2 protein chains.
Amino acid sequence: MGDRVGAVFVALADPSRRFVVERLAHVGRATSTELAGELPMTRQAVAKHLATLEQAGLVHARREGRETVYRPDPAPLRDAAAWMDRVGTEWDERLAALARHVDARRGR
Amino acid sequence: MGDRVGAVFVALADPSRRFVVERLAHVGRATSTELAGELPMTRQAVAKHLATLEQAGLVHARREGRETVYRPDPAPLRDAAAWMDRVGTEWDERLAALARHVDARRGR
DNA sequence: GTATCGTGCAACCATCGGGTTGCCTTACCA
DNA sequence: TGGTAAGGCAACCCGATGGTTGCACGATAC
């Protein structure tokens, strides 16, 4: 569970990569040239973005004939969401404990 | 709801900043010098990290006397989690629809 | 076979971002 | 009222990163 989460946040930190993820989740599969047709940048730039997305596990590449097809994988998203939930919950619990403490002091 | 989410991902992309967020969620409040004591870097570096965290709304600064205290805010975390949930769900629904389609074809 | 389409690879460039040092201001304390 | 502790600000350094161009190479179509 170590740095997988970090890689996901790094991958999602770039707006172009977020667009690719959204687009891929919508259409299911695409090639780098197809995606480059919908973005203001070169195919190679898109390929680099896809590489970092794949490193985070958010996307899987598969060569089919002379083209490589990319498909989304939402699993790492859940890991990252779990991290955020853990941190947020801890903070919430601390607040709740503080509230209880205040109530106890007010009660005596 | 636009770029708030992007700022959160950018903020969480750095391991030092993730540490600060976790630490802050745990202890509730801290100053930049206190946090710098637990990290292999200068107070100014920590202050920069706190600045980008504050820009993402994950942290709020408040001057108290001669020290400025930082407190965590989990709200933007929920926004980011919602984005991830939306994308992941869309992909899951696409898969479910595909499965239904396959079943329908197999059924006839 | 030959033309061509889709990729991968490598070099290169500019900007950004994480980190440092140095100095100046402000608040506390004796 | 002077000393000291905590912060903010600005300049600077350098490696990472997003983007480009150019080219070589396997798969397809004719």
# chains A, B, ... in the order shown; residues from 1 in each chain; ligands from 1

call {"tool": "interface_residues", "arguments": {"of": "chain A", "to": "chain B", "cutoff": "7 Å", "atoms": "only C-alpha atoms", "output": "list of chain:residue names"}}
result
A:Gly6, A:Phe9, A:Val10, A:Leu12, A:Ala13, A:Glu22, A:Ala25, A:His26, A:Pro74, A:Leu77, A:Ala81, A:Met84, A:Val87, A:Gly88, A:Glu90, A:Trp91

call {"tool": "write_last_selection", "arguments": {"atoms": "N, CA and C atoms", "output": "mmCIF file, in the first residue's frame"}}
result
data_model
loop_
_atom_site.group_PDB
_atom_site.id
_atom_site.type_symbol
_atom_site.label_atom_id
_atom_site.label_comp_id
_atom_site.auth_asym_id
_atom_site.auth_seq_id
_atom_site.Cartn_x
_atom_site.Cartn_y
_atom_site.Cartn_z
ATOM 1 N N GLY A 6 0.825 7.534 -3.677
ATOM 2 C CA GLY A 6 1.574 8.704 -4.117
ATOM 3 C C GLY A 6 1.580 8.818 -5.624
ATOM 4 N N PHE A 9 -1.699 10.221 -6.910
ATOM 5 C CA PHE A 9 -1.849 11.670 -6.742
ATOM 6 C C PHE A 9 -0.980 12.416 -7.747
ATOM 7 N N VAL A 10 0.243 11.939 -7.940
ATOM 8 C CA VAL A 10 1.113 12.570 -8.932
ATOM 9 C C VAL A 10 0.455 12.516 -10.313
ATOM 10 N N LEU A 12 -2.694 12.299 -11.097
ATOM 11 C CA LEU A 12 -3.911 13.109 -11.206
ATOM 12 C C LEU A 12 -3.645 14.599 -10.999
ATOM 13 N N ALA A 13 -2.403 14.956 -10.709
ATOM 14 C CA ALA A 13 -2.083 16.363 -10.468
ATOM 15 C C ALA A 13 -2.087 17.170 -11.753
ATOM 16 N N GLU A 22 -10.652 10.770 -17.476
ATOM 17 C CA GLU A 22 -12.102 10.932 -17.641
ATOM 18 C C GLU A 22 -12.552 10.397 -18.999
ATOM 19 N N ALA A 25 -12.371 6.669 -19.124
ATOM 20 C CA ALA A 25 -13.453 6.043 -18.354
ATOM 21 C C ALA A 25 -14.763 6.119 -19.134
ATOM 22 N N HIS A 26 -14.865 7.156 -19.980
ATOM 23 C CA HIS A 26 -16.110 7.335 -20.715
ATOM 24 C C HIS A 26 -16.193 6.421 -21.930
ATOM 25 N N PRO A 74 -9.935 1.476 -12.503
ATOM 26 C CA PRO A 74 -10.313 2.348 -11.373
ATOM 27 C C PRO A 74 -9.776 1.869 -10.026
ATOM 28 N N LEU A 77 -7.688 4.191 -7.880
ATOM 29 C CA LEU A 77 -8.516 5.304 -7.402
ATOM 30 C C LEU A 77 -9.080 4.993 -6.024
ATOM 31 N N ALA A 81 -8.593 7.027 -2.571
ATOM 32 C CA ALA A 81 -9.765 7.485 -1.826
ATOM 33 C C ALA A 81 -9.719 6.963 -0.397
ATOM 34 N N MET A 84 -7.429 9.176 1.644
ATOM 35 C CA MET A 84 -8.079 10.427 1.999
ATOM 36 C C MET A 84 -9.132 10.209 3.076
ATOM 37 N N VAL A 87 -7.371 9.838 6.496
ATOM 38 C CA VAL A 87 -6.918 11.108 7.059
ATOM 39 C C VAL A 87 -8.105 11.958 7.510
ATOM 40 N N GLY A 88 -9.101 12.075 6.643
ATOM 41 C CA GLY A 88 -10.261 12.892 6.985
ATOM 42 C C GLY A 88 -10.974 12.369 8.215
ATOM 43 N N GLU A 90 -9.697 10.605 10.663
ATOM 44 C CA GLU A 90 -8.902 10.835 11.864
ATOM 45 C C GLU A 90 -9.133 12.239 12.407
ATOM 46 N N TRP A 91 -9.162 13.185 11.457
ATOM 47 C CA TRP A 91 -9.392 14.562 11.872
ATOM 48 C C TRP A 91 -10.792 14.720 12.464
#

call {"tool": "residues_around", "arguments": {"residues": "DT4 of chain D", "least_positions_apart": "5", "cutoff": "12 Å", "atoms": "only C-alpha atoms (C1' of nucleotides)", "output": "ChimeraX atom specification"}}
result
/C:26-30

call {"tool": "interface_residues", "arguments": {"of": "chain D", "to": "chain A", "cutoff": "12 Å", "atoms": "only C-alpha atoms (C1' of nucleotides)", "output": "list in words"}}
result
DT17, DG18, DG19, DT20, DT21, DC25, DG26, DA27 and DT28 of chain D

call {"tool": "write_last_selection", "arguments": {"atoms": "C-alpha atoms (C1' of nucleotides)", "output": "CSV table (one decimal), in the first residue's frame"}}
result
chain,number,residue,atom,x,y,z
D,17,DT,C1',8.7,17.7,-15.8
D,18,DG,C1',5.7,18.9,-19.8
D,19,DG,C1',6.4,19.7,-24.4
D,20,DT,C1',8.7,19.6,-28.9
D,21,DT,C1',11.2,17.6,-33.2
D,25,DC,C1',10.9,0.2,-37.0
D,26,DG,C1',7.1,-3.3,-37.1
D,27,DA,C1',2.4,-4.1,-39.0
D,28,DT,C1',-0.9,-3.3,-43.0

call {"tool": "closest_atom_pairs", "arguments": {"of": "chain C", "to": "chain A", "cutoff": "9 Å", "atoms": "only C-alpha atoms (C1' of nucleotides)", "output": "JSON lines"}}
result
{"residue": "C:DC5", "atom": "C1'", "partner": "A:Arg66", "partner_atom": "CA", "distance": 8.5}
{"residue": "C:DG6", "atom": "C1'", "partner": "A:Glu67", "partner_atom": "CA", "distance": 5.7}
{"residue": "C:DT7", "atom": "C1'", "partner": "A:Glu67", "partner_atom": "CA", "distance": 7.1}
